[in-house]
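Trainee: Supplied structure: protein_1.pdb, PDB, C-alpha atoms, pLDDT in the B column.
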ATOM      1  CA  MET A   1       4.335 -12.546   9.295  1.00 92.00           C
ATOM      2  CA  THR A   2       7.683 -11.195   8.262  1.00 95.00           C
ATOM      3  CA  ARG A   3      10.283  -9.773  10.615  1.00 97.00           C
ATOM      4  CA  VAL A   4      11.542  -6.462   9.174  1.00 98.00           C
ATOM      5  CA  ARG A   5      14.724  -4.956  10.562  1.00 98.00           C
ATOM      6  CA  PHE A   6      15.471  -1.263   9.980  1.00 98.00           C
ATOM      7  CA  LEU A   7      19.035  -0.022  10.497  1.00 98.00           C
ATOM      8  CA  ARG A   8      19.254   3.753  10.684  1.00 96.00           C
ATOM      9  CA  ALA A   9      22.250   5.905   9.800  1.00 92.00           C
ATOM     10  CA  ASP A  10      22.586   6.925  13.460  1.00 94.00           C
ATOM     11  CA  GLY A  11      23.023   3.275  14.473  1.00 95.00           C
ATOM     12  CA  ARG A  12      19.546   2.707  15.882  1.00 96.00           C
ATOM     13  CA  VAL A  13      17.910  -0.598  15.018  1.00 98.00           C
ATOM     14  CA  SER A  14      14.196  -1.301  14.983  1.00 98.00           C
ATOM     15  CA  GLU A  15      12.506  -4.641  14.343  1.00 98.00           C
ATOM     16  CA  VAL A  16       8.819  -4.958  13.535  1.00 98.00           C
ATOM     17  CA  ASP A  17       6.467  -7.667  12.348  1.00 98.00           C
ATOM     18  CA  ALA A  18       4.754  -7.024   9.030  1.00 97.00           C
ATOM     19  CA  PRO A  19       2.212  -8.984   7.050  1.00 97.00           C
ATOM     20  CA  GLU A  20       3.620 -10.686   3.987  1.00 96.00           C
ATOM     21  CA  GLY A  21       2.812  -8.609   0.901  1.00 97.00           C
ATOM     22  CA  ALA A  22       2.561  -5.289   2.763  1.00 98.00           C
ATOM     23  CA  ARG A  23       4.277  -2.302   1.192  1.00 97.00           C
ATOM     24  CA  LEU A  24       7.608  -1.642   2.907  1.00 98.00           C
ATOM     25  CA  LEU A  25       7.089   2.131   2.835  1.00 97.00           C
ATOM     26  CA  ASP A  26       3.888   1.780   4.879  1.00 97.00           C
ATOM     27  CA  ILE A  27       5.621  -0.479   7.406  1.00 98.00           C
ATOM     28  CA  ALA A  28       8.558   1.932   7.698  1.00 97.00           C
ATOM     29  CA  GLN A  29       6.367   4.997   8.194  1.00 97.00           C
ATOM     30  CA  ALA A  30       4.234   3.214  10.799  1.00 97.00           C
ATOM     31  CA  ASP A  31       7.473   2.435  12.661  1.00 97.00           C
ATOM     32  CA  GLY A  32       8.563   6.090  12.567  1.00 96.00           C
ATOM     33  CA  GLN A  33      11.372   5.599  10.063  1.00 97.00           C
ATOM     34  CA  PRO A  34      12.522   8.807   8.315  1.00 95.00           C
ATOM     35  CA  LEU A  35      11.245   7.878   4.856  1.00 95.00           C
ATOM     36  CA  GLU A  36       9.076  10.536   3.235  1.00 93.00           C
ATOM     37  CA  GLY A  37       7.505   8.772   0.297  1.00 92.00           C
ATOM     38  CA  THR A  38       6.571  12.194  -1.066  1.00 93.00           C
ATOM     39  CA  CYS A  39       5.053  10.864  -4.292  1.00 94.00           C
ATOM     40  CA  ASP A  40       3.045   8.182  -2.461  1.00 87.00           C
ATOM     41  CA  GLY A  41       4.538   5.376  -4.479  1.00 89.00           C
ATOM     42  CA  VAL A  42       4.164   6.561  -8.064  1.00 91.00           C
ATOM     43  CA  MET A  43       7.959   6.677  -8.547  1.00 92.00           C
ATOM     44  CA  ALA A  44       8.155  10.418  -9.104  1.00 93.00           C
ATOM     45  CA  CYS A  45      10.745  10.832  -6.345  1.00 93.00           C
ATOM     46  CA  ALA A  46      13.271   8.763  -4.414  1.00 94.00           C
ATOM     47  CA  THR A  47      12.483   9.930  -0.877  1.00 95.00           C
ATOM     48  CA  CYS A  48      11.869   6.346   0.230  1.00 97.00           C
ATOM     49  CA  HIS A  49      15.278   5.031  -0.820  1.00 97.00           C
ATOM     50  CA  VAL A  50      16.521   2.108   1.285  1.00 98.00           C
ATOM     51  CA  ILE A  51      19.472  -0.228   0.981  1.00 98.00           C
ATOM     52  CA  VAL A  52      18.459  -3.866   1.232  1.00 98.00           C
ATOM     53  CA  ASP A  53      20.804  -6.217   3.062  1.00 98.00           C
ATOM     54  CA  VAL A  54      22.818  -8.259   0.567  1.00 97.00           C
ATOM     55  CA  ALA A  55      21.570 -11.501   2.137  1.00 97.00           C
ATOM     56  CA  ASP A  56      17.940 -10.462   1.556  1.00 97.00           C
ATOM     57  CA  PHE A  57      18.242  -8.728  -1.811  1.00 97.00           C
ATOM     58  CA  GLY A  58      17.876 -11.916  -3.853  1.00 96.00           C
ATOM     59  CA  GLN A  59      14.480 -12.749  -2.381  1.00 95.00           C
ATOM     60  CA  LEU A  60      12.937  -9.597  -3.878  1.00 97.00           C
ATOM     61  CA  PRO A  61      11.666  -9.325  -7.437  1.00 96.00           C
ATOM     62  CA  VAL A  62      13.959  -7.338  -9.710  1.00 96.00           C
ATOM     63  CA  PRO A  63      13.230  -3.613  -9.819  1.00 96.00           C
ATOM     64  CA  SER A  64      11.293  -2.288 -12.772  1.00 96.00           C
ATOM     65  CA  PRO A  65      13.074  -0.091 -15.331  1.00 97.00           C
ATOM     66  CA  GLU A  66      11.164   2.894 -13.913  1.00 96.00           C
ATOM     67  CA  GLU A  67      12.433   2.175 -10.401  1.00 97.00           C
ATOM     68  CA  GLU A  68      15.972   1.787 -11.701  1.00 96.00           C
ATOM     69  CA  ASP A  69      15.649   5.162 -13.446  1.00 96.00           C
ATOM     70  CA  MET A  70      14.643   6.814 -10.149  1.00 96.00           C
ATOM     71  CA  LEU A  71      17.496   5.095  -8.304  1.00 97.00           C
ATOM     72  CA  ASP A  72      19.924   6.551 -10.857  1.00 95.00           C
ATOM     73  CA  LEU A  73      19.080   9.958  -9.327  1.00 94.00           C
ATOM     74  CA  VAL A  74      19.986   8.908  -5.773  1.00 95.00           C
ATOM     75  CA  PRO A  75      23.527  10.107  -4.940  1.00 92.00           C
ATOM     76  CA  ASP A  76      24.236   7.371  -2.365  1.00 91.00           C
ATOM     77  CA  ALA A  77      22.599   4.494  -4.243  1.00 96.00           C
ATOM     78  CA  THR A  78      24.258   1.104  -4.043  1.00 97.00           C
ATOM     79  CA  ARG A  79      23.927  -2.197  -5.866  1.00 96.00           C
ATOM     80  CA  THR A  80      21.166  -3.233  -3.423  1.00 98.00           C
ATOM     81  CA  SER A  81      19.298   0.088  -3.340  1.00 98.00           C
ATOM     82  CA  ARG A  82      15.541  -0.011  -3.765  1.00 98.00           C
ATOM     83  CA  LEU A  83      12.544   2.274  -3.306  1.00 98.00           C
ATOM     84  CA  ALA A  84      10.541   1.185  -0.259  1.00 98.00           C
ATOM     85  CA  CYS A  85       7.314   2.060  -2.069  1.00 97.00           C
ATOM     86  CA  GLN A  86       8.071  -0.673  -4.617  1.00 97.00           C
ATOM     87  CA  ILE A  87       8.926  -3.457  -2.182  1.00 98.00           C
ATOM     88  CA  ARG A  88       6.270  -5.912  -1.076  1.00 97.00           C
ATOM     89  CA  VAL A  89       7.423  -7.590   2.116  1.00 97.00           C
ATOM     90  CA  PRO A  90       8.422 -11.199   1.389  1.00 96.00           C
ATOM     91  CA  ALA A  91       7.922 -14.119   3.746  1.00 95.00           C
ATOM     92  CA  GLY A  92      10.578 -14.633   6.431  1.00 94.00           C
ATOM     93  CA  THR A  93      12.883 -11.750   7.256  1.00 96.00           C
ATOM     94  CA  LEU A  94      13.994  -8.567   5.573  1.00 98.00           C
ATOM     95  CA  ALA A  95      16.730  -6.170   6.684  1.00 98.00           C
ATOM     96  CA  VAL A  96      17.133  -2.702   5.203  1.00 98.00           C
ATOM     97  CA  ARG A  97      19.339   0.272   5.944  1.00 98.00           C
ATOM     98  CA  VAL A  98      17.720   3.698   5.981  1.00 97.00           C
ATOM     99  CA  PRO A  99      20.289   6.161   4.631  1.00 94.00           C
ATOM    100  CA  GLY A 100      20.834   9.337   6.611  1.00 80.00           C
TER
END
Could I get this structure in the form of structure tokens?

Mentor:
Amino acid sequence: MTRVRFLRADGRVSEVDAPEGARLLDIAQADGQPLEGTCDGVMACATCHVIVDVADFGQLPVPSPEEEDMLDLVPDATRTSRLACQIRVPAGTLAVRVPG
């Protein structure tokens, strides 16, 4: 199991256990996080944009060129921005910020 920590823009923090390899978007939605995932993971939108904690970013595979293209459309994207639909939960811990 992986411990996933969600930090919301309003300051609320939620921690949940998730099976390794689960899709982060599914974990976030099950926890009531405000991530739409409108395209259901086919990278036709960026409504599941999250910002991965710098300490955890290196444990994720690099984003695909298609994901990077979608992130280019996100106005508040950062160096550690990712689409939750493209993240498979790694072993250990993972902290992400959910932009407001």

Trainee: So how far away is CA of Pro75 in chain A from CA of Ala18 in chain A, in Å?

Mentor: 29.0 Å

Trainee: Give as a list of chain:residue names every residue, naming chains and numbers as the document does, that has an atom within 12 Å of (21.9, 7.1, -7.4), counting only C-alpha atoms.

Mentor: A:Cys45, A:Ala46, A:Thr47, A:His49, A:Val50, A:Ile51, A:Glu67, A:Glu68, A:Asp69, A:Met70, A:Leu71, A:Asp72, A:Leu73, A:Val74, A:Pro75, A:Asp76, A:Ala77, A:Thr78, A:Arg79, A:Thr80, A:Ser81, A:Arg82, A:Leu83

Trainee: With distances taken over only C-alpha atoms, which of A:Thr93, A:Thr38, A:Thr2, A:Ser64 is nearest to Ala22 in chain A?

Mentor: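 So, comparing all the options, the nearest one is A:Thr2.
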
Trainee: Quote the spacing between CA of Val13 in chain A and CA of Val42 in chain A in Å to one decimal place.

Mentor: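 The value is 27.8 Å.
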
Trainee: Give me, please, the distance in Å between CA of Asp26 in chain A and CA of Gly11 in chain A, quoted to one decimal.

Mentor: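 Interatomic distance, CA of Asp26 in chain A to CA of Gly11 in chain A: 21.5 Å.
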
Trainee: Have a look at A:Leu94, A:Leu7, A:Ala84, A:Leu35 and name the one nearest to Ala55 in chain A; count all atoms listed in the file.

Mentor: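 That would be A:Leu94, the residue with the smallest distance to Ala55 in chain A.
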
Trainee: Smallest atom-to-atom distance to Met1 in chain A: which of A:Leu60, A:Gly21, A:Arg97, A:Ile87, using all atoms listed in the file?

Mentor: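 Looking at the shortest contact to Met1 in chain A, the residue is A:Gly21.
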
Trainee: With distances taken over all atoms listed in the file, which of A:Val16, A:Ala9, A:Met43, A:Val96 is nearest to Ala30 in chain A?

Mentor: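 Once distances to Ala30 in chain A are computed over all atoms listed in the file, the minimum belongs to A:Val16.
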
Trainee: Here is a test: counting all atoms listed in the file, which residue of A:Cys39, A:Gln86, A:Gly100, A:Val52 is nearest to Leu24 in chain A?

Mentor: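 Residue with the minimum atom-to-atom distance to Leu24 in chain A: A:Gln86.
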
Trainee: For Val4 in chain A, which residue among A:Val98, A:Glu36, A:Gly92, A:Val54 is the nearest when counting all atoms listed in the file?

Mentor: A:Gly92

Trainee: Return as JSON the box centre and box size in Å, one decimal, for an axis-aligned box around all listed atoms of range 71-83 of chain A padded by 8 Å per side.

Mentor:
{"center_x": 18.4, "center_y": 3.4, "center_z": -6.6, "size_x": 27.7, "size_y": 29.3, "size_z": 24.5}

Trainee: Could you add N, CA and C atoms to range 4-39 of chain A and give me the result as a PDB file, in the coordinates of the input?

Mentor:
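Result file is selection_20.pdb:
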ATOM      1  N   VAL A   4      10.822  -7.489   9.917  1.00 98.00           N
ATOM      2  CA  VAL A   4      11.542  -6.462   9.174  1.00 98.00           C
ATOM      3  C   VAL A   4      12.459  -5.725  10.143  1.00 98.00           C
ATOM      4  N   ARG A   5      13.714  -5.622   9.733  1.00 98.00           N
ATOM      5  CA  ARG A   5      14.724  -4.956  10.562  1.00 98.00           C
ATOM      6  C   ARG A   5      15.189  -3.695   9.842  1.00 98.00           C
ATOM      7  N   PHE A   6      15.034  -2.552  10.516  1.00 98.00           N
ATOM      8  CA  PHE A   6      15.471  -1.263   9.980  1.00 98.00           C
ATOM      9  C   PHE A   6      16.742  -0.838  10.704  1.00 98.00           C
ATOM     10  N   LEU A   7      17.785  -0.534   9.946  1.00 98.00           N
ATOM     11  CA  LEU A   7      19.035  -0.022  10.497  1.00 98.00           C
ATOM     12  C   LEU A   7      19.152   1.426  10.051  1.00 98.00           C
ATOM     13  N   ARG A   8      19.186   2.329  11.015  1.00 96.00           N
ATOM     14  CA  ARG A   8      19.254   3.753  10.684  1.00 96.00           C
ATOM     15  C   ARG A   8      20.693   4.237  10.634  1.00 96.00           C
ATOM     16  N   ALA A   9      20.905   5.340   9.963  1.00 92.00           N
ATOM     17  CA  ALA A   9      22.250   5.905   9.800  1.00 92.00           C
ATOM     18  C   ALA A   9      22.880   6.256  11.137  1.00 92.00           C
ATOM     19  N   ASP A  10      22.055   6.563  12.141  1.00 94.00           N
ATOM     20  CA  ASP A  10      22.586   6.925  13.460  1.00 94.00           C
ATOM     21  C   ASP A  10      22.879   5.695  14.321  1.00 94.00           C
ATOM     22  N   GLY A  11      22.712   4.500  13.752  1.00 95.00           N
ATOM     23  CA  GLY A  11      23.023   3.275  14.473  1.00 95.00           C
ATOM     24  C   GLY A  11      21.844   2.621  15.170  1.00 95.00           C
ATOM     25  N   ARG A  12      20.717   3.312  15.243  1.00 96.00           N
ATOM     26  CA  ARG A  12      19.546   2.707  15.882  1.00 96.00           C
ATOM     27  C   ARG A  12      18.993   1.580  15.020  1.00 96.00           C
ATOM     28  N   VAL A  13      18.495   0.562  15.689  1.00 98.00           N
ATOM     29  CA  VAL A  13      17.910  -0.598  15.018  1.00 98.00           C
ATOM     30  C   VAL A  13      16.489  -0.768  15.533  1.00 98.00           C
ATOM     31  N   SER A  14      15.587  -1.052  14.622  1.00 98.00           N
ATOM     32  CA  SER A  14      14.196  -1.301  14.983  1.00 98.00           C
ATOM     33  C   SER A  14      13.747  -2.561  14.255  1.00 98.00           C
ATOM     34  N   GLU A  15      13.054  -3.440  14.965  1.00 98.00           N
ATOM     35  CA  GLU A  15      12.506  -4.641  14.343  1.00 98.00           C
ATOM     36  C   GLU A  15      11.001  -4.662  14.555  1.00 98.00           C
ATOM     37  N   VAL A  16      10.277  -4.921  13.481  1.00 98.00           N
ATOM     38  CA  VAL A  16       8.819  -4.958  13.535  1.00 98.00           C
ATOM     39  C   VAL A  16       8.314  -6.166  12.760  1.00 98.00           C
ATOM     40  N   ASP A  17       7.137  -6.620  13.108  1.00 98.00           N
ATOM     41  CA  ASP A  17       6.467  -7.667  12.348  1.00 98.00           C
ATOM     42  C   ASP A  17       5.573  -7.005  11.313  1.00 98.00           C
ATOM     43  N   ALA A  18       5.560  -7.573  10.120  1.00 97.00           N
ATOM     44  CA  ALA A  18       4.754  -7.024   9.030  1.00 97.00           C
ATOM     45  C   ALA A  18       4.076  -8.162   8.292  1.00 97.00           C
ATOM     46  N   PRO A  19       2.865  -7.932   7.826  1.00 97.00           N
ATOM     47  CA  PRO A  19       2.212  -8.984   7.050  1.00 97.00           C
ATOM     48  C   PRO A  19       2.893  -9.166   5.697  1.00 97.00           C
ATOM     49  N   GLU A  20       3.044 -10.399   5.296  1.00 96.00           N
ATOM     50  CA  GLU A  20       3.620 -10.686   3.987  1.00 96.00           C
ATOM     51  C   GLU A  20       2.802  -9.970   2.918  1.00 96.00           C
ATOM     52  N   GLY A  21       3.479  -9.322   1.990  1.00 97.00           N
ATOM     53  CA  GLY A  21       2.812  -8.609   0.901  1.00 97.00           C
ATOM     54  C   GLY A  21       2.546  -7.149   1.191  1.00 97.00           C
ATOM     55  N   ALA A  22       2.756  -6.704   2.434  1.00 98.00           N
ATOM     56  CA  ALA A  22       2.561  -5.289   2.763  1.00 98.00           C
ATOM     57  C   ALA A  22       3.633  -4.453   2.076  1.00 98.00           C
ATOM     58  N   ARG A  23       3.311  -3.210   1.813  1.00 97.00           N
ATOM     59  CA  ARG A  23       4.277  -2.302   1.192  1.00 97.00           C
ATOM     60  C   ARG A  23       5.280  -1.836   2.242  1.00 97.00           C
ATOM     61  N   LEU A  24       6.566  -1.989   1.954  1.00 98.00           N
ATOM     62  CA  LEU A  24       7.608  -1.642   2.907  1.00 98.00           C
ATOM     63  C   LEU A  24       7.531  -0.185   3.345  1.00 98.00           C
ATOM     64  N   LEU A  25       7.198   0.718   2.459  1.00 97.00           N
ATOM     65  CA  LEU A  25       7.089   2.131   2.835  1.00 97.00           C
ATOM     66  C   LEU A  25       6.060   2.321   3.943  1.00 97.00           C
ATOM     67  N   ASP A  26       4.930   1.658   3.849  1.00 97.00           N
ATOM     68  CA  ASP A  26       3.888   1.780   4.879  1.00 97.00           C
ATOM     69  C   ASP A  26       4.376   1.242   6.220  1.00 97.00           C
ATOM     70  N   ILE A  27       5.080   0.121   6.175  1.00 98.00           N
ATOM     71  CA  ILE A  27       5.621  -0.479   7.406  1.00 98.00           C
ATOM     72  C   ILE A  27       6.644   0.462   8.029  1.00 98.00           C
ATOM     73  N   ALA A  28       7.521   1.020   7.210  1.00 97.00           N
ATOM     74  CA  ALA A  28       8.558   1.932   7.698  1.00 97.00           C
ATOM     75  C   ALA A  28       7.946   3.181   8.320  1.00 97.00           C
ATOM     76  N   GLN A  29       6.983   3.776   7.661  1.00 97.00           N
ATOM     77  CA  GLN A  29       6.367   4.997   8.194  1.00 97.00           C
ATOM     78  C   GLN A  29       5.608   4.710   9.485  1.00 97.00           C
ATOM     79  N   ALA A  30       4.947   3.581   9.572  1.00 97.00           N
ATOM     80  CA  ALA A  30       4.234   3.214  10.799  1.00 97.00           C
ATOM     81  C   ALA A  30       5.202   3.010  11.957  1.00 97.00           C
ATOM     82  N   ASP A  31       6.443   2.638  11.642  1.00 97.00           N
ATOM     83  CA  ASP A  31       7.473   2.435  12.661  1.00 97.00           C
ATOM     84  C   ASP A  31       8.243   3.719  12.962  1.00 97.00           C
ATOM     85  N   GLY A  32       7.897   4.815  12.308  1.00 96.00           N
ATOM     86  CA  GLY A  32       8.563   6.090  12.567  1.00 96.00           C
ATOM     87  C   GLY A  32       9.892   6.258  11.860  1.00 96.00           C
ATOM     88  N   GLN A  33      10.129   5.470  10.823  1.00 97.00           N
ATOM     89  CA  GLN A  33      11.372   5.599  10.063  1.00 97.00           C
ATOM     90  C   GLN A  33      11.333   6.879   9.231  1.00 97.00           C
ATOM     91  N   PRO A  34      12.485   7.529   9.034  1.00 95.00           N
ATOM     92  CA  PRO A  34      12.522   8.807   8.315  1.00 95.00           C
ATOM     93  C   PRO A  34      12.492   8.643   6.790  1.00 95.00           C
ATOM     94  N   LEU A  35      11.445   8.026   6.294  1.00 95.00           N
ATOM     95  CA  LEU A  35      11.245   7.878   4.856  1.00 95.00           C
ATOM     96  C   LEU A  35      10.011   8.685   4.473  1.00 95.00           C
ATOM     97  N   GLU A  36      10.191   9.655   3.593  1.00 93.00           N
ATOM     98  CA  GLU A  36       9.076  10.536   3.235  1.00 93.00           C
ATOM     99  C   GLU A  36       8.041   9.879   2.342  1.00 93.00           C
ATOM    100  N   GLY A  37       8.479   9.315   1.243  1.00 92.00           N
ATOM    101  CA  GLY A  37       7.505   8.772   0.297  1.00 92.00           C
ATOM    102  C   GLY A  37       6.646   9.881  -0.266  1.00 92.00           C
ATOM    103  N   THR A  38       7.271  10.986  -0.632  1.00 93.00           N
ATOM    104  CA  THR A  38       6.571  12.194  -1.066  1.00 93.00           C
ATOM    105  C   THR A  38       5.580  11.949  -2.188  1.00 93.00           C
ATOM    106  N   CYS A  39       5.922  11.081  -3.132  1.00 94.00           N
ATOM    107  CA  CYS A  39       5.053  10.864  -4.292  1.00 94.00           C
ATOM    108  C   CYS A  39       4.007   9.782  -4.047  1.00 94.00           C
TER     109      CYS A  39
END
